[in-house]
Amino acid sequence: MTPDITIVGQGICGSLLSWALIQRGLSVRVYDTGSHLSATAAASGLLNPITGKRYVKSWMVDDLIPTAEKVYADLGQALSIQVYTPMPIYKLLGSIREQNDWSARTTDSTYQQYLSDTTLHKLNEDWLINDFGAFAIQGGGIVHTPSFLSRYREYLRDKGMLYEESLTQEEALQRKDRIIFCDGYRSAREGIFTTLPWQIVKGEYLLIRIKEFYDDRIVGGDTTISPAGQPGLWYAGATYQWHYETIAPTAQYRDEVIESLHQMLRVPFEVVHHGAGVRPSTRYRRPFLGFHPQHPHIGIFNGMGTKGMSLAPYWSERLAAHIADGTPLPDEVDVTRQLSVSTAP
Ligand SMILES: Cc1cc2nc3c(=O)[nH]c(=O)nc-3n(C[C@H](O)[C@H](O)[C@H](O)COP(=O)(O)OP(=O)(O)OC[C@H]3O[C@@H](n4cnc5c(N)ncnc54)[C@H](O)[C@@H]3O)c2cc1C
């Protein structure tokens, strides 16, 4: 029997969209071979409400984080695993000026829920170089992406909703069922959505072994170090590469992450894995949702860029409501509108 919605891709977008549709009583079928490069599988899984050198709140973060916490908690309960762990993020400060910028930000009442800890922390100096101290960000955490992806895949398989096959846009155009592409950076490369304003960014990361280090916090400095879900193992990275010749890991960027680690760590570390992924980022840092104006049975849920873990829970709910009840999508994310404008005479 034809399902209500076919989804192509089981990264964070395809997983959460299928979940949101199932919760609304719709039937779904998810295509994913499990063998393509997945940005979600390469991600450290961080949700970080305050980003950048000026310590600003991420777009819509006050709405995104509560939705993400709820969606991941519901999924954790249904799958009997911990999908998300709230965790403070300690940012190492590099100068007096950075201390002053952070201190000024703490006086802004709209940042209260993320920067209520106004202590200038000293982290363990045997482990880390932190001459100017560190400050703590609340409200973030880690999605355990490897265990979530594999457990959710089993869930779909058990329910007969997983098709371990590839489905291309060319094939989808020949079909009549409603198909939503959640295929990550591939939609930027080929097919009917390539004219959207993409800005693809490759990232490389390392898994490192350290004898003793923080397993209760994320530490951000020259690079970011976060617990990797196994005792003694941490994730380090990732890099940002706008121009690249291969999607495979490269020695150059392995060395870049190692150099950043040397700028932060006093303890020795051993590299146990070097990986890469491609972020489906967009020029205006807004995701892409909705159906193609000329091919209205084909849709997209994509463009999460560097923030898939915080954006996908909220926007999967919005897209599912659009599909199930016809709730309109905001113009700034709606591809039906964007592609109609870009193809208008
Ligand atoms: C190194 C790195 C670190 C990152 N760290 C973070 C982080 O800490 N926090 C954060 O929020 N974000 C992070 N990101 C960004 C985040 O990973 C992405 O925003 C997000 O994972 C994108 O998810 P997606 O589902 O759109 O794409 P993907 O995860 O790439 O999933 C696409 C899926 O589609 C499947 N597929 C493709 N083509 C087909 C086809 N023809 N038929 C069937 N299946 C197909 C693929 O197999 C894949 O499983 C990071 C990204 C990288 C690369």
# chains A, B, ... in the order shown; residues from 1 in each chain; ligands from 1

call {"tool": "residues_near_ligand", "arguments": {"ligand": "ligand 1", "cutoff": "7 Å", "atoms": "only C-alpha atoms and all ligand atoms", "output": "PyMOL selection string"}}
result
chain A and resi 8-14+31-47+165-168+182-186+202-205+238-239+276-280+302-310

call {"tool": "write_last_selection", "arguments": {"atoms": "C-alpha atoms", "output": "mmCIF file, in the first residue's frame"}}
result
data_model
loop_
_atom_site.group_PDB
_atom_site.id
_atom_site.type_symbol
_atom_site.label_atom_id
_atom_site.label_comp_id
_atom_site.auth_asym_id
_atom_site.auth_seq_id
_atom_site.Cartn_x
_atom_site.Cartn_y
_atom_site.Cartn_z
ATOM 1 C CA VAL A 8 14.395 9.915 1.342
ATOM 2 C CA GLY A 9 17.213 9.925 3.909
ATOM 3 C CA GLN A 10 17.478 8.904 7.543
ATOM 4 C CA GLY A 11 19.790 11.573 8.943
ATOM 5 C CA ILE A 12 18.460 13.876 11.654
ATOM 6 C CA CYS A 13 15.976 15.457 9.192
ATOM 7 C CA GLY A 14 14.472 12.257 7.801
ATOM 8 C CA TYR A 31 14.476 5.159 2.078
ATOM 9 C CA ASP A 32 18.101 5.017 3.176
ATOM 10 C CA THR A 33 20.803 2.567 2.180
ATOM 11 C CA GLY A 34 22.884 3.435 5.218
ATOM 12 C CA SER A 35 25.954 3.545 2.994
ATOM 13 C CA HIS A 36 26.027 7.208 1.864
ATOM 14 C CA LEU A 37 27.999 9.865 3.717
ATOM 15 C CA SER A 38 25.783 11.270 6.495
ATOM 16 C CA ALA A 39 26.377 14.655 8.134
ATOM 17 C CA THR A 40 24.427 13.493 11.169
ATOM 18 C CA ALA A 41 26.724 10.509 11.663
ATOM 19 C CA ALA A 42 29.748 12.870 11.520
ATOM 20 C CA ALA A 43 28.319 15.405 13.989
ATOM 21 C CA SER A 44 29.342 15.815 17.600
ATOM 22 C CA GLY A 45 25.652 16.435 18.283
ATOM 23 C CA LEU A 46 25.976 19.725 20.184
ATOM 24 C CA LEU A 47 23.135 22.101 20.903
ATOM 25 C CA GLU A 165 17.428 1.307 -0.930
ATOM 26 C CA SER A 166 18.355 4.494 -2.728
ATOM 27 C CA LEU A 167 15.685 6.717 -4.318
ATOM 28 C CA THR A 168 16.821 9.510 -6.649
ATOM 29 C CA CYS A 182 15.941 14.694 3.442
ATOM 30 C CA ASP A 183 19.116 13.686 1.639
ATOM 31 C CA GLY A 184 21.494 16.281 3.085
ATOM 32 C CA TYR A 185 24.035 17.975 0.790
ATOM 33 C CA ARG A 186 23.010 15.809 -2.208
ATOM 34 C CA LYS A 202 32.700 20.290 4.708
ATOM 35 C CA GLY A 203 33.836 19.444 8.244
ATOM 36 C CA GLU A 204 36.528 17.109 9.567
ATOM 37 C CA TYR A 205 36.795 15.836 13.126
ATOM 38 C CA ALA A 238 35.070 20.205 13.583
ATOM 39 C CA THR A 239 36.721 22.224 10.808
ATOM 40 C CA ALA A 276 34.493 13.958 7.653
ATOM 41 C CA GLY A 277 31.008 15.050 6.696
ATOM 42 C CA VAL A 278 29.344 17.711 4.547
ATOM 43 C CA ARG A 279 27.022 20.245 6.162
ATOM 44 C CA PRO A 280 23.989 21.184 4.065
ATOM 45 C CA ASN A 302 17.012 20.303 4.477
ATOM 46 C CA GLY A 303 19.462 23.189 4.889
ATOM 47 C CA MET A 304 20.136 22.711 8.627
ATOM 48 C CA GLY A 305 23.744 23.834 8.183
ATOM 49 C CA THR A 306 25.806 23.735 11.366
ATOM 50 C CA LYS A 307 22.778 23.410 13.649
ATOM 51 C CA GLY A 308 20.855 20.294 12.651
ATOM 52 C CA MET A 309 20.441 19.123 16.245
ATOM 53 C CA SER A 310 18.633 22.265 17.379
#

call {"tool": "residues_around", "arguments": {"residues": "Leu17 in chain A", "least_positions_apart": "4", "cutoff": "7 Å", "atoms": "only C-alpha atoms", "output": "VMD selection string"}}
result
chain A and resid 13 21 316 320

call {"tool": "atom_distance", "arguments": {"atom1": "CA of Asp216 in chain A", "atom2": "CA of Arg97 in chain A"}}
result
27.8 Å

call {"tool": "residues_around", "arguments": {"residues": "Thr223 in chain A", "least_positions_apart": "2", "cutoff": "7 Å", "atoms": "only C-alpha atoms", "output": "list in words"}}
result
Gly220, Gly221, Ile225, Ala236, Gly237, Ser260 and Leu261 of chain A

call {"tool": "select_by_dssp", "arguments": {"residues": "range 144-214 of chain A", "states": "strand (DSSP E or B)", "output": "number ranges by chain"}}
result
A: 162-163, 179-181, 198, 201-209

call {"tool": "write_last_selection", "arguments": {"atoms": "N, CA and C atoms", "output": "CSV table (one decimal), in the first residue's frame"}}
result
chain,number,residue,atom,x,y,z
A,162,LEU,N,11.1,1.0,6.9
A,162,LEU,CA,12.4,1.3,6.3
A,162,LEU,C,12.7,0.5,5.0
A,163,TYR,N,13.1,1.3,4.0
A,163,TYR,CA,13.5,0.7,2.7
A,163,TYR,C,15.0,0.9,2.6
A,179,ILE,N,6.7,12.7,-1.9
A,179,ILE,CA,8.1,12.3,-1.5
A,179,ILE,C,8.8,13.5,-1.0
A,180,ILE,N,9.4,13.3,0.2
A,180,ILE,CA,10.2,14.5,0.7
A,180,ILE,C,11.7,14.1,0.8
A,181,PHE,N,12.5,14.9,0.2
A,181,PHE,CA,13.9,14.6,0.2
A,181,PHE,C,14.6,15.2,1.4
A,198,TRP,N,22.2,27.5,-1.6
A,198,TRP,CA,23.0,26.6,-0.7
A,198,TRP,C,24.4,27.2,-0.5
A,201,VAL,N,29.3,23.2,3.4
A,201,VAL,CA,30.5,23.3,4.1
A,201,VAL,C,31.0,22.0,4.7
A,202,LYS,N,32.2,21.6,4.2
A,202,LYS,CA,32.7,20.3,4.7
A,202,LYS,C,33.3,20.5,6.1
A,203,GLY,N,33.2,19.4,6.9
A,203,GLY,CA,33.8,19.4,8.2
A,203,GLY,C,34.6,18.2,8.5
A,204,GLU,N,35.8,18.3,9.2
A,204,GLU,CA,36.5,17.1,9.6
A,204,GLU,C,36.7,17.1,11.1
A,205,TYR,N,36.7,15.9,11.7
A,205,TYR,CA,36.8,15.8,13.1
A,205,TYR,C,37.7,14.7,13.5
A,206,LEU,N,38.0,14.6,14.8
A,206,LEU,CA,38.8,13.5,15.3
A,206,LEU,C,38.1,12.9,16.5
A,207,LEU,N,38.2,11.6,16.7
A,207,LEU,CA,37.9,11.0,18.0
A,207,LEU,C,39.2,10.8,18.7
A,208,ILE,N,39.3,11.3,19.9
A,208,ILE,CA,40.6,11.2,20.6
A,208,ILE,C,40.5,10.4,22.0
A,209,ARG,N,41.5,9.8,22.3
A,209,ARG,CA,41.5,9.1,23.6
A,209,ARG,C,42.4,10.0,24.6

call {"tool": "closest_atom_pairs", "arguments": {"of": "range 61-137 of chain A", "to": "range 23-27 of chain A", "cutoff": "12 Å", "atoms": "only C-alpha atoms", "output": "Markdown table"}}
result
| residue | atom | partner | partner_atom | distance |
| --- | --- | --- | --- | --- |
| A:Val71 | CA | A:Gln23 | CA | 10.9 |
| A:Asp74 | CA | A:Gln23 | CA | 10.5 |
| A:Leu75 | CA | A:Gln23 | CA | 10.8 |
| A:Ala78 | CA | A:Gln23 | CA | 11.4 |

call {"tool": "select_by_dssp", "arguments": {"residues": "range 156-301 of chain A", "states": "helix (DSSP H, G or I)", "output": "number ranges by chain"}}
result
A: 156-158, 169-173, 186-189, 251-264

call {"tool": "atom_distance", "arguments": {"atom1": "CA of Phe148 in chain A", "atom2": "CA of Trp234 in chain A"}}
result
17.7 Å

call {"tool": "residues_around", "arguments": {"residues": "Pro49 in chain A", "least_positions_apart": "3", "cutoff": "8 Å", "atoms": "only C-alpha atoms", "output": "number ranges by chain"}}
result
A: 57-58, 61, 65, 114, 137, 139-140

call {"tool": "residues_around", "arguments": {"residues": "Leu265 in chain A", "least_positions_apart": "4", "cutoff": "9 Å", "atoms": "only C-alpha atoms", "output": "ChimeraX atom specification"}}
result
/A:126-129,260-261,269

call {"tool": "closest_residue", "arguments": {"among": "A:Trp102, A:Pro227, A:Tyr155, A:Arg175", "to": "Tyr214 in chain A", "atoms": "only C-alpha atoms"}}
result
A:Pro227
